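Everything on this sheet refers to the single structure shown next.
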Amino acid sequence: MLPLSGIKVLDFSTLLPGPLATLIMAGAGAEVTKVERPGSGDEMRSYEPKLGESSVNFALLNRGKRSVALDLKDPAQREQLDALVDECDVLVEQFRPGVMARLGLDYESVAARNPGVVYCSISGYGQSGPRAQQAAHDLNYVADSGMLNLVQGADGAPVLPPALLADIGGGSYPAVINVALALFARERSGKGTHLDIAMSDNVYPFLYWALGNAATGTWPRSGEELVTGGSPRYQVYRTADGRHLAAAPLEDRFWTRFCELIELPKPLRDADADPQQAIAAVAERIAAQPAAHWRQLFAAEDVCCTIVAGLPEALADEHVASRGLFDDSVGDGDQQIPALPLPLAATLRDQRGHSTYPALGEGNSTLLGGN
């Protein structure tokens with residue numbers, strides 16, 4: 001029995017934040033029904049590269065779900081949807097505030113019919129506030145929070161993040177956490193609730209250290225703080241063959257051993273005395289040898305140092321293989337790809353191994369009684 005077995009989720013979301021959240025719920029046993037536009041469906045179906053009739057991105061984020069295609073402005077099709085609304089435990093939507101109300105599907109309207117519903121609204125800036133209606137994407141939320149300004153390149157410009165921090169860390173994960181907590185609370189009270197998940201709000205926990213500095217009157221600066229490039233103990237150093245070493249010997253015992261291994265002159269081992277001088281000296285030592293030398297040297301040592309891996313190298317790593325992260329697959333017919341690993345403990349997730357993603361509207365006949 002998976003933790004969300006028997007829980008019915010009605011998913012109105014598209015693209016990444018909501019679909020990843022409901023994918024995690026599906027992985028924990030929930031029955032997820034995706035509501036899509038007739039004809040085109042979720043915009044992500046059209047993305048490249050393709051996997052069968054849809055995109056790789058869509059397949060990765062929507063495996064194990066069902067799809068119904070409905071025109072929410074058509075009264076007859078809305079009537080078909082009502083049965084799903086009435087029996088769902090969780091409803092997830094990702095529109096701008098006010099859109100679901102115009103469709104008659106806002107929390108108040110749904111809760112009047114289904115008082116126990118856990119209604120999760122994921123949006124950029126939340127359901128209230130001056131920016132509630134503002135269009136934005138992940139990069140904007142990270143920029144608004146001050147995070148983007150904390151790591152700058154050599155030219156002083158912020159570095160473009162390679163991960164969708166706000167979409168996933170500020171949207172998908174908080175949505176799953178709050179839905180799970182709301183379902184737990186419902187077990188006690190019998191009442192549902194409306195969850196306001198604002199991606200921009202949820203970026204701030206990533207900045208806990210910066211906020212702590214600010215609270216004491218010291219505003220963090222790019223290139224001058226412990227994790228923004230101001231310390232030799234937390235740096236990326238270039239090797240002789242053009243690769244890079246990610247060095248994070250933060251604790252004294254790690255730093256001491258690191259300095260011994262790279263034969264850093266003793267007068268430069270006080271990282272706090274002159275951080276920039278120490279950074280330059282460490283960089284000079286690391287640049288004297290290729291990546292293979294440092295990989296072998298640090299392999300048996302507790303110094304928190306690793307060679308920066310390319311994605312093909314990372315996926316081929318024996319540790320990743322031993323953890324079985326990519327053992328599951330998703331696909332359509334003969335076309336299969338490794339499924340997206342989910343942040344669920346093995347004892348709490350579906351162990352089927354292979355799953356498919358839904359064709360647009362494939363659930364209309366079974367879930368809506370025809371159409």
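In the structure tokens, the first chain shown is A, the next is B, and so on; residue numbers restart at 1 for each chain, and ligands run from 1 in the order shown.
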
Show me a table, sorted first by chain and then by increasing residue number, of the residues of segment 47-106 of chain A having an atom at most 12 Å from segment 163-174 of chain A, each with its shortest atom pair and the distance in Å to one decimal, counting only C-alpha atoms and written as CSV.
residue,atom,partner,partner_atom,distance
A:Leu61,CA,A:Ser172,CA,11.4
A:Val92,CA,A:Ser172,CA,10.8
A:Glu93,CA,A:Gly171,CA,11.6
A:Gln94,CA,A:Gly171,CA,9.9

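Every protein, DNA or RNA residue with an atom at most 9 Å from Tyr237 of chain A, where only C-alpha atoms count and chain neighbours fewer than 5 positions away do not, is listed here: Arg243, His244, Leu245, Ala246, Ala247, Ile279, Val282, Ala283, Glu284, Ile286 and Ala287 of chain A.
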
Take the residues that were just selected and, keeping N, CA and C atoms, output them as a PDB file, in the first residue's frame.
ATOM      1  N   ARG A 243      40.016  21.165 -17.168  1.00  0.00           N
ATOM      2  CA  ARG A 243      38.854  20.741 -16.393  1.00  0.00           C
ATOM      3  C   ARG A 243      38.818  21.535 -15.081  1.00  0.00           C
ATOM      4  N   HIS A 244      37.924  21.162 -14.186  1.00  0.00           N
ATOM      5  CA  HIS A 244      37.773  21.961 -12.976  1.00  0.00           C
ATOM      6  C   HIS A 244      37.613  21.076 -11.747  1.00  0.00           C
ATOM      7  N   LEU A 245      38.137  21.571 -10.647  1.00  0.00           N
ATOM      8  CA  LEU A 245      38.012  20.915  -9.358  1.00  0.00           C
ATOM      9  C   LEU A 245      37.030  21.695  -8.496  1.00  0.00           C
ATOM     10  N   ALA A 246      36.001  21.015  -8.001  1.00  0.00           N
ATOM     11  CA  ALA A 246      35.080  21.625  -7.042  1.00  0.00           C
ATOM     12  C   ALA A 246      35.618  21.317  -5.653  1.00  0.00           C
ATOM     13  N   ALA A 247      36.138  22.335  -5.001  1.00  0.00           N
ATOM     14  CA  ALA A 247      36.789  22.157  -3.703  1.00  0.00           C
ATOM     15  C   ALA A 247      35.941  22.795  -2.605  1.00  0.00           C
ATOM     16  N   ILE A 279      43.293  32.109  -2.315  1.00  0.00           N
ATOM     17  CA  ILE A 279      42.599  31.598  -3.497  1.00  0.00           C
ATOM     18  C   ILE A 279      43.561  31.531  -4.680  1.00  0.00           C
ATOM     19  N   VAL A 282      46.102  28.654  -4.152  1.00  0.00           N
ATOM     20  CA  VAL A 282      45.502  27.336  -4.387  1.00  0.00           C
ATOM     21  C   VAL A 282      45.264  27.136  -5.878  1.00  0.00           C
ATOM     22  N   ALA A 283      44.766  28.158  -6.549  1.00  0.00           N
ATOM     23  CA  ALA A 283      44.508  28.073  -7.985  1.00  0.00           C
ATOM     24  C   ALA A 283      45.788  27.737  -8.744  1.00  0.00           C
ATOM     25  N   GLU A 284      46.895  28.323  -8.326  1.00  0.00           N
ATOM     26  CA  GLU A 284      48.174  28.057  -8.984  1.00  0.00           C
ATOM     27  C   GLU A 284      48.592  26.598  -8.795  1.00  0.00           C
ATOM     28  N   ILE A 286      46.550  23.970  -8.150  1.00  0.00           N
ATOM     29  CA  ILE A 286      45.636  23.075  -8.869  1.00  0.00           C
ATOM     30  C   ILE A 286      45.904  23.132 -10.368  1.00  0.00           C
ATOM     31  N   ALA A 287      46.237  24.305 -10.883  1.00  0.00           N
ATOM     32  CA  ALA A 287      46.490  24.473 -12.317  1.00  0.00           C
ATOM     33  C   ALA A 287      47.770  23.781 -12.768  1.00  0.00           C
TER      34      ALA A 287
END

Q: Find the residue from A:Thr14, A:Thr306, A:Gln80, A:Ser222 that sits nearest to Ala248 of chain A; use only C-alpha atoms when measuring.
A: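 So, comparing all the options, the nearest one is A:Thr306.
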
Do you know which residues are at most 12 Å from Ser40 of chain A counting only C-alpha atoms, after dropping those on the same chain fewer than 3 positions away, and could you put them as a JSON list (two decimals) with C-alpha atoms, in the first residue's frame?
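What ended up in selection04.json:
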[["chain", "number", "residue", "atom", "x", "y", "z"],
["A", 14, "THR", "CA", 0.91, 22.63, -17.42],
["A", 35, "VAL", "CA", -7.16, 18.02, -17.61],
["A", 36, "GLU", "CA", -5.98, 19.36, -20.99],
["A", 37, "ARG", "CA", -7.17, 21.54, -23.83],
["A", 43, "GLU", "CA", 1.96, 23.09, -24.33],
["A", 44, "MET", "CA", 4.86, 20.86, -23.32],
["A", 45, "ARG", "CA", 3.55, 18.11, -25.65],
["A", 46, "SER", "CA", 4.86, 20.20, -28.57],
["A", 47, "TYR", "CA", 8.41, 20.59, -27.25],
["A", 53, "GLU", "CA", 3.45, 11.60, -30.36],
["A", 54, "SER", "CA", 4.55, 13.93, -27.56],
["A", 68, "VAL", "CA", -8.97, 14.01, -20.32],
["A", 69, "ALA", "CA", -9.37, 16.66, -23.03],
["A", 70, "LEU", "CA", -12.07, 19.21, -22.19],
["A", 71, "ASP", "CA", -13.09, 22.70, -23.24],
["A", 359, "ALA", "CA", -2.19, 10.24, -25.01],
["A", 360, "LEU", "CA", -4.24, 13.42, -25.16],
["A", 361, "GLY", "CA", -7.78, 12.65, -24.02]]

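Residues in contact with Gln336 of chain A at 10 Å, where only C-alpha atoms are counted and same-chain residues fewer than 5 positions away are skipped, are listed as Leu51, Gly52, Val56, Ala59, Asp328, Ser329, Val330, Gly331, His354, Ser355 and Thr356 of chain A.
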
**Q.** atom CA of Asp350 of chain A to atom CA of Leu81 of chain A, distance in Å rounded to a single decimal
**A.**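 Interatomic distance, atom CA of Asp350 of chain A to atom CA of Leu81 of chain A: 27.4 Å.
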
Can you list every residue of segment 186-226 of chain A that has an atom at most 7 Å from segment 106-127 of chain A, with its nearest atom pair and the distance in Å to one decimal, using only C-alpha atoms, ordered by chain then number, as a tab-separated table?
residue	atom	partner	partner_atom	distance
A:Gly190	CA	A:Gly116	CA	6.4
A:Lys191	CA	A:Gly116	CA	4.8
A:Gly192	CA	A:Gly116	CA	4.0
A:Thr193	CA	A:Val118	CA	5.1
A:His194	CA	A:Tyr119	CA	4.8
A:Leu195	CA	A:Cys120	CA	4.7
A:Asp196	CA	A:Ser121	CA	5.3
A:Ile197	CA	A:Ile122	CA	4.7
A:Ala198	CA	A:Gly126	CA	4.3
A:Met199	CA	A:Gly124	CA	5.0
A:Ser200	CA	A:Tyr125	CA	5.6

Okay, now the selection with N, CA and C atoms, as a PDB file, in the first residue's frame?
ATOM      1  N   GLY A 190     -11.384  16.438   8.912  1.00  0.00           N
ATOM      2  CA  GLY A 190     -12.395  16.178   7.894  1.00  0.00           C
ATOM      3  C   GLY A 190     -12.577  17.326   6.926  1.00  0.00           C
ATOM      4  N   LYS A 191     -11.761  18.370   7.058  1.00  0.00           N
ATOM      5  CA  LYS A 191     -11.914  19.566   6.234  1.00  0.00           C
ATOM      6  C   LYS A 191     -10.765  19.709   5.235  1.00  0.00           C
ATOM      7  N   GLY A 192     -11.096  20.205   4.074  1.00  0.00           N
ATOM      8  CA  GLY A 192     -10.079  20.523   3.086  1.00  0.00           C
ATOM      9  C   GLY A 192      -9.530  21.927   3.316  1.00  0.00           C
ATOM     10  N   THR A 193      -8.743  22.408   2.368  1.00  0.00           N
ATOM     11  CA  THR A 193      -8.161  23.745   2.517  1.00  0.00           C
ATOM     12  C   THR A 193      -7.663  24.240   1.168  1.00  0.00           C
ATOM     13  N   HIS A 194      -7.365  25.536   1.105  1.00  0.00           N
ATOM     14  CA  HIS A 194      -6.791  26.150  -0.099  1.00  0.00           C
ATOM     15  C   HIS A 194      -5.330  26.458   0.173  1.00  0.00           C
ATOM     16  N   LEU A 195      -4.437  25.918  -0.651  1.00  0.00           N
ATOM     17  CA  LEU A 195      -3.002  26.132  -0.503  1.00  0.00           C
ATOM     18  C   LEU A 195      -2.517  27.155  -1.522  1.00  0.00           C
ATOM     19  N   ASP A 196      -1.917  28.215  -1.050  1.00  0.00           N
ATOM     20  CA  ASP A 196      -1.376  29.281  -1.899  1.00  0.00           C
ATOM     21  C   ASP A 196       0.134  29.076  -1.999  1.00  0.00           C
ATOM     22  N   ILE A 197       0.588  28.454  -3.082  1.00  0.00           N
ATOM     23  CA  ILE A 197       2.014  28.153  -3.281  1.00  0.00           C
ATOM     24  C   ILE A 197       2.605  29.181  -4.242  1.00  0.00           C
ATOM     25  N   ALA A 198       3.402  30.090  -3.720  1.00  0.00           N
ATOM     26  CA  ALA A 198       4.023  31.144  -4.534  1.00  0.00           C
ATOM     27  C   ALA A 198       5.488  30.804  -4.760  1.00  0.00           C
ATOM     28  N   MET A 199       5.869  30.593  -5.997  1.00  0.00           N
ATOM     29  CA  MET A 199       7.248  30.211  -6.296  1.00  0.00           C
ATOM     30  C   MET A 199       8.244  31.270  -5.834  1.00  0.00           C
ATOM     31  N   SER A 200       7.892  32.537  -5.991  1.00  0.00           N
ATOM     32  CA  SER A 200       8.796  33.608  -5.571  1.00  0.00           C
ATOM     33  C   SER A 200       9.003  33.606  -4.065  1.00  0.00           C
TER      34      SER A 200
END

Filtered DSSP result for segment 60-289 of chain A, state strand (DSSP E), as a PDB file with N, CA and C atoms, in the first residue's frame:
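Generated output (selection02.pdb):
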ATOM      1  N   ARG A  66      -3.464   9.881 -16.148  1.00  0.00           N
ATOM      2  CA  ARG A  66      -4.497   9.783 -17.163  1.00  0.00           C
ATOM      3  C   ARG A  66      -4.735  11.182 -17.722  1.00  0.00           C
ATOM      4  N   SER A  67      -5.281  11.248 -18.933  1.00  0.00           N
ATOM      5  CA  SER A  67      -5.558  12.537 -19.569  1.00  0.00           C
ATOM      6  C   SER A  67      -6.999  12.591 -20.031  1.00  0.00           C
ATOM      7  N   VAL A  68      -7.663  13.727 -19.727  1.00  0.00           N
ATOM      8  CA  VAL A  68      -8.966  14.014 -20.325  1.00  0.00           C
ATOM      9  C   VAL A  68      -8.842  15.357 -21.041  1.00  0.00           C
ATOM     10  N   ALA A  69      -9.405  15.439 -22.226  1.00  0.00           N
ATOM     11  CA  ALA A  69      -9.371  16.665 -23.025  1.00  0.00           C
ATOM     12  C   ALA A  69     -10.741  17.322 -22.963  1.00  0.00           C
ATOM     13  N   VAL A  90      -7.654  15.960  -4.242  1.00  0.00           N
ATOM     14  CA  VAL A  90      -6.709  17.062  -4.439  1.00  0.00           C
ATOM     15  C   VAL A  90      -6.958  17.674  -5.804  1.00  0.00           C
ATOM     16  N   LEU A  91      -6.975  18.986  -5.876  1.00  0.00           N
ATOM     17  CA  LEU A  91      -7.044  19.706  -7.150  1.00  0.00           C
ATOM     18  C   LEU A  91      -5.825  20.611  -7.235  1.00  0.00           C
ATOM     19  N   VAL A  92      -5.088  20.512  -8.334  1.00  0.00           N
ATOM     20  CA  VAL A  92      -3.893  21.332  -8.549  1.00  0.00           C
ATOM     21  C   VAL A  92      -4.118  22.216  -9.765  1.00  0.00           C
ATOM     22  N   GLU A  93      -3.926  23.519  -9.588  1.00  0.00           N
ATOM     23  CA  GLU A  93      -4.050  24.457 -10.714  1.00  0.00           C
ATOM     24  C   GLU A  93      -2.888  25.423 -10.701  1.00  0.00           C
ATOM     25  N   VAL A 118      -8.521  19.283  -1.081  1.00  0.00           N
ATOM     26  CA  VAL A 118      -7.274  20.020  -0.863  1.00  0.00           C
ATOM     27  C   VAL A 118      -6.950  20.689  -2.187  1.00  0.00           C
ATOM     28  N   TYR A 119      -7.101  21.998  -2.221  1.00  0.00           N
ATOM     29  CA  TYR A 119      -7.042  22.777  -3.459  1.00  0.00           C
ATOM     30  C   TYR A 119      -5.697  23.517  -3.469  1.00  0.00           C
ATOM     31  N   CYS A 120      -4.826  23.132  -4.397  1.00  0.00           N
ATOM     32  CA  CYS A 120      -3.456  23.668  -4.432  1.00  0.00           C
ATOM     33  C   CYS A 120      -3.277  24.601  -5.627  1.00  0.00           C
ATOM     34  N   SER A 121      -3.070  25.872  -5.341  1.00  0.00           N
ATOM     35  CA  SER A 121      -2.827  26.875  -6.386  1.00  0.00           C
ATOM     36  C   SER A 121      -1.339  27.202  -6.424  1.00  0.00           C
ATOM     37  N   ILE A 122      -0.703  26.902  -7.550  1.00  0.00           N
ATOM     38  CA  ILE A 122       0.708  27.225  -7.746  1.00  0.00           C
ATOM     39  C   ILE A 122       0.794  28.420  -8.685  1.00  0.00           C
ATOM     40  N   SER A 123       1.470  29.455  -8.247  1.00  0.00           N
ATOM     41  CA  SER A 123       1.609  30.650  -9.096  1.00  0.00           C
ATOM     42  C   SER A 123       2.959  31.288  -8.836  1.00  0.00           C
ATOM     43  N   THR A 193      -8.743  22.408   2.368  1.00  0.00           N
ATOM     44  CA  THR A 193      -8.161  23.745   2.517  1.00  0.00           C
ATOM     45  C   THR A 193      -7.663  24.240   1.168  1.00  0.00           C
ATOM     46  N   HIS A 194      -7.365  25.536   1.105  1.00  0.00           N
ATOM     47  CA  HIS A 194      -6.791  26.150  -0.099  1.00  0.00           C
ATOM     48  C   HIS A 194      -5.330  26.458   0.173  1.00  0.00           C
ATOM     49  N   LEU A 195      -4.437  25.918  -0.651  1.00  0.00           N
ATOM     50  CA  LEU A 195      -3.002  26.132  -0.503  1.00  0.00           C
ATOM     51  C   LEU A 195      -2.517  27.155  -1.522  1.00  0.00           C
ATOM     52  N   ASP A 196      -1.917  28.215  -1.050  1.00  0.00           N
ATOM     53  CA  ASP A 196      -1.376  29.281  -1.899  1.00  0.00           C
ATOM     54  C   ASP A 196       0.134  29.076  -1.999  1.00  0.00           C
ATOM     55  N   ILE A 197       0.588  28.454  -3.082  1.00  0.00           N
ATOM     56  CA  ILE A 197       2.014  28.153  -3.281  1.00  0.00           C
ATOM     57  C   ILE A 197       2.605  29.181  -4.242  1.00  0.00           C
ATOM     58  N   ALA A 198       3.402  30.090  -3.720  1.00  0.00           N
ATOM     59  CA  ALA A 198       4.023  31.144  -4.534  1.00  0.00           C
ATOM     60  C   ALA A 198       5.488  30.804  -4.760  1.00  0.00           C
ATOM     61  N   GLN A 235      35.481  26.790  -3.578  1.00  0.00           N
ATOM     62  CA  GLN A 235      35.844  27.374  -4.865  1.00  0.00           C
ATOM     63  C   GLN A 235      35.850  26.312  -5.960  1.00  0.00           C
ATOM     64  N   VAL A 236      35.819  26.793  -7.184  1.00  0.00           N
ATOM     65  CA  VAL A 236      36.025  25.948  -8.353  1.00  0.00           C
ATOM     66  C   VAL A 236      37.347  26.370  -8.976  1.00  0.00           C
ATOM     67  N   TYR A 237      38.286  25.431  -9.080  1.00  0.00           N
ATOM     68  CA  TYR A 237      39.631  25.717  -9.577  1.00  0.00           C
ATOM     69  C   TYR A 237      39.879  24.989 -10.897  1.00  0.00           C
ATOM     70  N   ARG A 238      40.545  25.669 -11.821  1.00  0.00           N
ATOM     71  CA  ARG A 238      40.867  25.081 -13.124  1.00  0.00           C
ATOM     72  C   ARG A 238      42.096  24.186 -13.001  1.00  0.00           C
ATOM     73  N   HIS A 244      37.924  21.162 -14.186  1.00  0.00           N
ATOM     74  CA  HIS A 244      37.773  21.961 -12.976  1.00  0.00           C
ATOM     75  C   HIS A 244      37.613  21.076 -11.747  1.00  0.00           C
ATOM     76  N   LEU A 245      38.137  21.571 -10.647  1.00  0.00           N
ATOM     77  CA  LEU A 245      38.012  20.915  -9.358  1.00  0.00           C
ATOM     78  C   LEU A 245      37.030  21.695  -8.496  1.00  0.00           C
ATOM     79  N   ALA A 246      36.001  21.015  -8.001  1.00  0.00           N
ATOM     80  CA  ALA A 246      35.080  21.625  -7.042  1.00  0.00           C
ATOM     81  C   ALA A 246      35.618  21.317  -5.653  1.00  0.00           C
ATOM     82  N   ALA A 247      36.138  22.335  -5.001  1.00  0.00           N
ATOM     83  CA  ALA A 247      36.789  22.157  -3.703  1.00  0.00           C
ATOM     84  C   ALA A 247      35.941  22.795  -2.605  1.00  0.00           C
TER      85      ALA A 247
END
